[in-house]
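Trainee: Provided below: data-v9.tsv, containing TSV, C-alpha atoms.
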```tsv
chain	number	residue	atom	x	y	z
A	1	MET	CA	56.66	155.81	49.93
A	2	ASN	CA	56.45	153.58	52.99
A	3	GLN	CA	52.79	154.44	53.28
A	4	VAL	CA	52.12	153.37	49.66
A	5	LYS	CA	53.83	149.98	50.16
A	6	SER	CA	51.90	149.23	53.31
A	7	ARG	CA	48.64	150.20	51.56
A	8	ASP	CA	49.53	147.81	48.70
A	9	TRP	CA	50.23	145.01	51.16
A	10	LEU	CA	46.95	145.68	52.95
A	11	GLN	CA	45.12	145.55	49.62
A	12	ILE	CA	46.82	142.25	48.72
A	13	ALA	CA	45.99	140.82	52.15
A	14	GLY	CA	42.37	141.97	51.79
A	15	ASN	CA	42.07	140.40	48.33
A	16	PHE	CA	43.65	137.19	49.61
A	17	SER	CA	41.13	137.12	52.49
A	18	VAL	CA	38.25	137.49	50.04
A	19	VAL	CA	39.58	134.60	47.91
A	20	VAL	CA	40.04	132.39	51.00
A	21	GLY	CA	36.50	133.31	52.12
A	22	LEU	CA	35.08	132.33	48.71
A	23	ILE	CA	36.96	129.02	48.83
A	24	LEU	CA	35.47	128.32	52.27
A	25	VAL	CA	31.97	129.17	51.04
A	26	ALA	CA	32.42	126.82	48.05
A	27	TYR	CA	33.61	124.08	50.41
A	28	GLN	CA	30.57	124.55	52.65
A	29	ILE	CA	28.22	124.44	49.65
A	30	ASN	CA	29.89	121.19	48.54
A	31	GLN	CA	29.51	119.74	52.06
A	32	GLY	CA	25.86	120.84	52.05
A	33	SER	CA	25.18	119.07	48.77
A	34	HIS	CA	26.72	115.86	50.16
A	35	PHE	CA	24.45	116.19	53.18
A	36	VAL	CA	21.40	116.70	50.94
A	37	ARG	CA	22.32	113.63	48.87
A	38	ALA	CA	22.71	111.55	52.01
A	39	GLU	CA	19.36	112.79	53.37
A	40	LEU	CA	17.58	112.07	50.10
A	41	GLY	CA	19.13	108.62	49.93
A	42	MET	CA	18.01	107.87	53.47
A	43	HIS	CA	14.48	109.10	52.76
A	44	GLY	CA	14.40	107.05	49.57
A	45	THR	CA	15.31	103.94	51.51
A	46	GLU	CA	12.61	104.73	54.08
A	47	ARG	CA	10.02	105.20	51.30
A	48	TYR	CA	10.86	101.80	49.77
A	49	LEU	CA	10.80	100.15	53.19
A	50	MET	CA	7.33	101.58	53.81
A	51	VAL	CA	6.16	100.14	50.48
A	52	GLU	CA	7.73	96.78	51.34
A	53	GLN	CA	5.91	96.76	54.68
A	54	ILE	CA	2.65	96.57	52.74
A	55	THR	CA	3.65	93.16	51.43
A	56	ALA	CA	4.35	91.90	54.95
A	57	ASP	CA	0.69	92.24	55.87
A	58	ALA	CA	-0.95	88.79	55.77
A	59	SER	CA	-4.13	89.98	54.04
A	60	PHE	CA	-2.14	91.80	51.37
A	61	SER	CA	0.09	88.80	50.83
A	62	GLU	CA	-3.00	86.70	50.10
A	63	VAL	CA	-4.32	89.32	47.67
A	64	TRP	CA	-0.93	89.61	45.97
A	65	ALA	CA	-0.66	85.83	45.60
A	66	LYS	CA	-4.17	85.76	44.18
A	67	SER	CA	-3.17	88.41	41.64
A	68	TYR	CA	-0.47	86.01	40.40
A	69	GLU	CA	-2.48	82.82	40.53
A	70	HIS	CA	-6.00	83.97	39.57
A	71	PRO	CA	-5.99	87.65	38.59
A	72	GLU	CA	-9.39	87.35	36.91
A	73	ASP	CA	-10.94	86.50	40.32
A	74	LEU	CA	-9.79	89.69	42.07
A	75	THR	CA	-12.55	91.71	43.69
A	76	LEU	CA	-12.75	95.47	43.32
A	77	ALA	CA	-11.49	95.91	46.89
A	78	GLU	CA	-8.50	93.67	46.15
A	79	MET	CA	-7.71	95.58	42.95
A	80	ILE	CA	-7.79	98.86	44.88
A	81	GLN	CA	-5.44	97.37	47.47
A	82	ILE	CA	-2.96	96.25	44.80
A	83	GLU	CA	-3.25	99.54	42.95
A	84	GLY	CA	-2.26	101.43	46.11
A	85	TYR	CA	0.83	99.25	46.41
A	86	LEU	CA	1.79	99.65	42.74
A	87	MET	CA	1.19	103.40	42.80
A	88	SER	CA	3.41	103.79	45.85
A	89	LEU	CA	6.14	101.65	44.34
A	90	LEU	CA	6.17	103.35	40.94
A	91	SER	CA	5.83	106.85	42.38
A	92	ASN	CA	8.95	106.18	44.46
A	93	LEU	CA	10.81	104.90	41.42
A	94	ASP	CA	9.63	107.80	39.26
A	95	GLY	CA	10.74	110.24	41.98
A	96	ASP	CA	14.14	108.57	42.04
A	97	ASN	CA	14.28	108.88	38.25
A	98	TRP	CA	13.66	112.63	38.59
A	99	LEU	CA	16.37	112.99	41.25
A	100	TRP	CA	18.83	111.07	39.07
A	101	ASP	CA	18.03	113.31	36.11
A	102	LEU	CA	18.84	116.31	38.31
A	103	GLN	CA	22.11	114.54	39.19
A	104	ILE	CA	21.23	114.64	42.87
A	105	TYR	CA	21.57	110.87	43.07
A	106	GLU	CA	24.71	109.20	41.79
A	107	GLY	CA	24.53	106.28	39.37
A	108	THR	CA	21.49	105.74	37.21
A	109	VAL	CA	17.90	104.86	37.86
A	110	ASP	CA	18.35	101.99	35.39
A	111	GLU	CA	20.03	100.08	38.21
A	112	ASN	CA	16.78	100.13	40.21
A	113	ILE	CA	14.26	99.51	37.44
A	114	PRO	CA	15.01	95.78	36.94
A	115	TYR	CA	14.38	94.97	40.59
A	116	HIS	CA	11.21	97.02	40.84
A	117	ALA	CA	9.89	96.14	37.40
A	118	ASN	CA	10.15	92.48	38.39
A	119	ILE	CA	7.33	93.19	40.83
A	120	ILE	CA	5.14	94.00	37.85
A	121	GLY	CA	6.71	91.65	35.29
A	122	GLY	CA	5.32	88.28	36.29
A	123	ASN	CA	1.97	89.52	37.51
A	124	LYS	CA	-0.76	89.73	34.84
A	125	PHE	CA	-2.88	92.11	36.89
A	126	ALA	CA	0.11	94.39	37.60
A	127	VAL	CA	1.08	94.45	33.90
A	128	ALA	CA	-2.51	95.28	32.91
A	129	TRP	CA	-2.61	97.99	35.60
A	130	TRP	CA	0.70	99.43	34.32
A	131	ASN	CA	-0.58	99.52	30.74
A	132	GLU	CA	-3.68	101.43	31.91
A	133	SER	CA	-1.80	103.75	34.28
A	134	LYS	CA	1.46	104.59	32.54
A	135	SER	CA	0.04	107.81	31.12
A	136	ASP	CA	0.41	109.19	34.67
A	137	TYR	CA	4.22	109.02	34.38
A	138	THR	CA	6.82	110.81	32.28
A	139	PRO	CA	7.46	109.38	28.81
A	140	GLU	CA	11.13	108.75	29.65
A	141	PHE	CA	10.21	106.79	32.78
A	142	VAL	CA	7.52	104.82	30.90
A	143	SER	CA	10.06	103.96	28.21
A	144	LYS	CA	12.52	102.64	30.80
A	145	VAL	CA	9.92	100.48	32.55
A	146	ASP	CA	8.41	99.24	29.26
A	147	GLN	CA	11.85	98.33	27.95
A	148	TYR	CA	12.46	96.16	30.96
A	149	LEU	CA	8.96	94.64	31.00
A	150	ALA	CA	9.44	93.56	27.38
A	151	ASN	CA	12.18	91.16	28.56
A	152	PRO	CA	11.84	90.51	32.29
A	153	THR	CA	14.56	88.36	33.81
A	154	SER	CA	12.43	86.91	36.59
A	155	HIS	CA	9.04	87.10	38.23
A	156	PHE	CA	10.14	88.92	41.35
A	157	ARG	CA	10.01	86.65	44.35
A	158	ILE	CA	7.99	83.90	42.71
A	159	ASP	CA	11.10	82.38	41.11
A	160	ARG	CA	12.88	82.49	44.44
A	161	TYR	CA	9.92	80.89	46.23
A	162	GLU	CA	9.88	78.09	43.67
A	163	ARG	CA	13.60	77.47	44.24
A	164	ILE	CA	13.06	77.43	48.00
A	165	LYS	CA	10.20	74.95	47.65
A	166	SER	CA	12.39	72.69	45.50
A	167	ARG	CA	14.95	72.52	48.33
A	168	LEU	CA	12.39	71.20	50.83
```
Step by step, read the file and then write its structure as structure tokens.

Mentor:
Amino acid sequence: MNQVKSRDWLQIAGNFSVVVGLILVAYQINQGSHFVRAELGMHGTERYLMVEQITADASFSEVWAKSYEHPEDLTLAEMIQIEGYLMSLLSNLDGDNWLWDLQIYEGTVDENIPYHANIIGGNKFAVAWWNESKSDYTPEFVSKVDQYLANPTSHFRIDRYERIKSRL
């Protein structure tokens, strides 16, 4: 009889250990997913910073300004330069859209689209490029960008530059 009770207690203790082990595994998986989210967020920030570095280049800044002021005068080389910038920017945003759909990122991609679509919104060349290139992106992503481009709230940094100039 004593032997049966001790066997029952050993079985209960063994089952309890398995449950505790499963709880610890679930906790570690949860911690791992937080780590993955943090890593992806950090890499996303790095990707956008790399794209922004393009605009810091003096020659690109001149080409970008020309695309606002006189887009019809852009040379083929200048169009290729701008296209590389726009492709990088939109590929990053489309990748973020995919990660949000997988619920890897928190929030919604709709929070990022207004800022990034402003880059395209006030630029006739960029809008024309988007209209020619949007077939390269998912219909859902195209719909989100098009929805914003239909009613842009500003022309990216141009509005800010005009305000700065008015303060001088």

Trainee: Skipping near chain neighbours, those fewer than 4 positions away, what residues fall within 10 Å of A:Val142 using all atoms listed in the file, listed as a JSON list (two decimals) with C-alpha atoms, keeping the file's coordinate frame?

Mentor:
```json
[["chain", "number", "residue", "atom", "x", "y", "z"],
["A", 94, "ASP", "CA", 9.63, 107.80, 39.26],
["A", 130, "TRP", "CA", 0.70, 99.43, 34.32],
["A", 131, "ASN", "CA", -0.58, 99.52, 30.74],
["A", 133, "SER", "CA", -1.80, 103.75, 34.28],
["A", 134, "LYS", "CA", 1.46, 104.59, 32.54],
["A", 135, "SER", "CA", 0.04, 107.81, 31.12],
["A", 136, "ASP", "CA", 0.41, 109.19, 34.67],
["A", 137, "TYR", "CA", 4.22, 109.02, 34.38],
["A", 138, "THR", "CA", 6.82, 110.81, 32.28],
["A", 146, "ASP", "CA", 8.41, 99.24, 29.26],
["A", 147, "GLN", "CA", 11.85, 98.33, 27.95],
["A", 148, "TYR", "CA", 12.46, 96.16, 30.96]]
```

Trainee: Which one is closest to A:Ile82: A:Leu99, A:Ile12, A:Ala150, A:Ala128? Count only C-alpha atoms.

Mentor: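 That would be A:Ala128, the residue with the smallest distance to A:Ile82.
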
Trainee: Under the rule that only C-alpha atoms are counted, which of A:Trp9, A:Ala126, A:Gly84, A:Glu52 is the nearest residue to A:Lys66?

Mentor: A:Ala126

Trainee: Tell me, in Å to one decimal, how far atom CA of A:Glu69 is from atom CA of A:Glu132.

Mentor: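 Pair atom CA of A:Glu69 / atom CA of A:Glu132 returns 20.5 Å.
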
Trainee: Mind pulling up the distance from atom CA of A:Val63 to atom CA of A:Ile80?

Mentor: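 Separating atom CA of A:Ile80 from atom CA of A:Val63 is a distance of 10.5 Å.
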
Trainee: From the options A:His70, A:Lys5, A:Lys124, A:Lys144, which residue's atoms come nearest to A:Leu90, counting all atoms listed in the file?

Mentor: A:Lys144

Trainee: Find, counting all atoms listed in the file, the residue in A:Ser67, A:Tyr85, A:Asp159, A:Val25 that gets nearest to A:Ile54.

Mentor: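 Closest residue, counting all atoms listed in the file: A:Tyr85.
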
Trainee: Using Å and a single decimal, report how far atom CA of A:Tyr161 sits from atom CA of A:Trp64.

Mentor: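 The value is 13.9 Å.
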
Trainee: Which one is closest to A:Phe141: A:Asp57, A:Glu162, A:Glu78, A:Asp96? Count all atoms listed in the file.

Mentor: A:Asp96

Trainee: Which protein, DNA or RNA residues have an atom at most 7 Å from (8.4, 96.3, 33.9), counting all atoms listed in the file? List them as a list in words.

Mentor: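 The requested residues, written out, are Ala117, Asn118, Ile120, Gly121, Val145, Asp146, Tyr148, Leu149 and Pro152 of chain A.
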
Trainee: Would you output that residue set with C-alpha atoms, as a PDB file, in the coordinates of the input?

Mentor:
```pdb
ATOM      1  CA  ALA A 117       9.890  96.140  37.400  1.00  0.00           C
ATOM      2  CA  ASN A 118      10.150  92.480  38.390  1.00  0.00           C
ATOM      3  CA  ILE A 120       5.140  94.000  37.850  1.00  0.00           C
ATOM      4  CA  GLY A 121       6.710  91.650  35.290  1.00  0.00           C
ATOM      5  CA  VAL A 145       9.920 100.480  32.550  1.00  0.00           C
ATOM      6  CA  ASP A 146       8.410  99.240  29.260  1.00  0.00           C
ATOM      7  CA  TYR A 148      12.460  96.160  30.960  1.00  0.00           C
ATOM      8  CA  LEU A 149       8.960  94.640  31.000  1.00  0.00           C
ATOM      9  CA  PRO A 152      11.840  90.510  32.290  1.00  0.00           C
TER      10      PRO A 152
END
```

Trainee: Find the residue from A:Ser91, A:Ser61, A:Glu83, A:Tyr68 that sits nearest to A:Ile158; use only C-alpha atoms when measuring.

Mentor: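 The closest residue to A:Ile158 is A:Tyr68.
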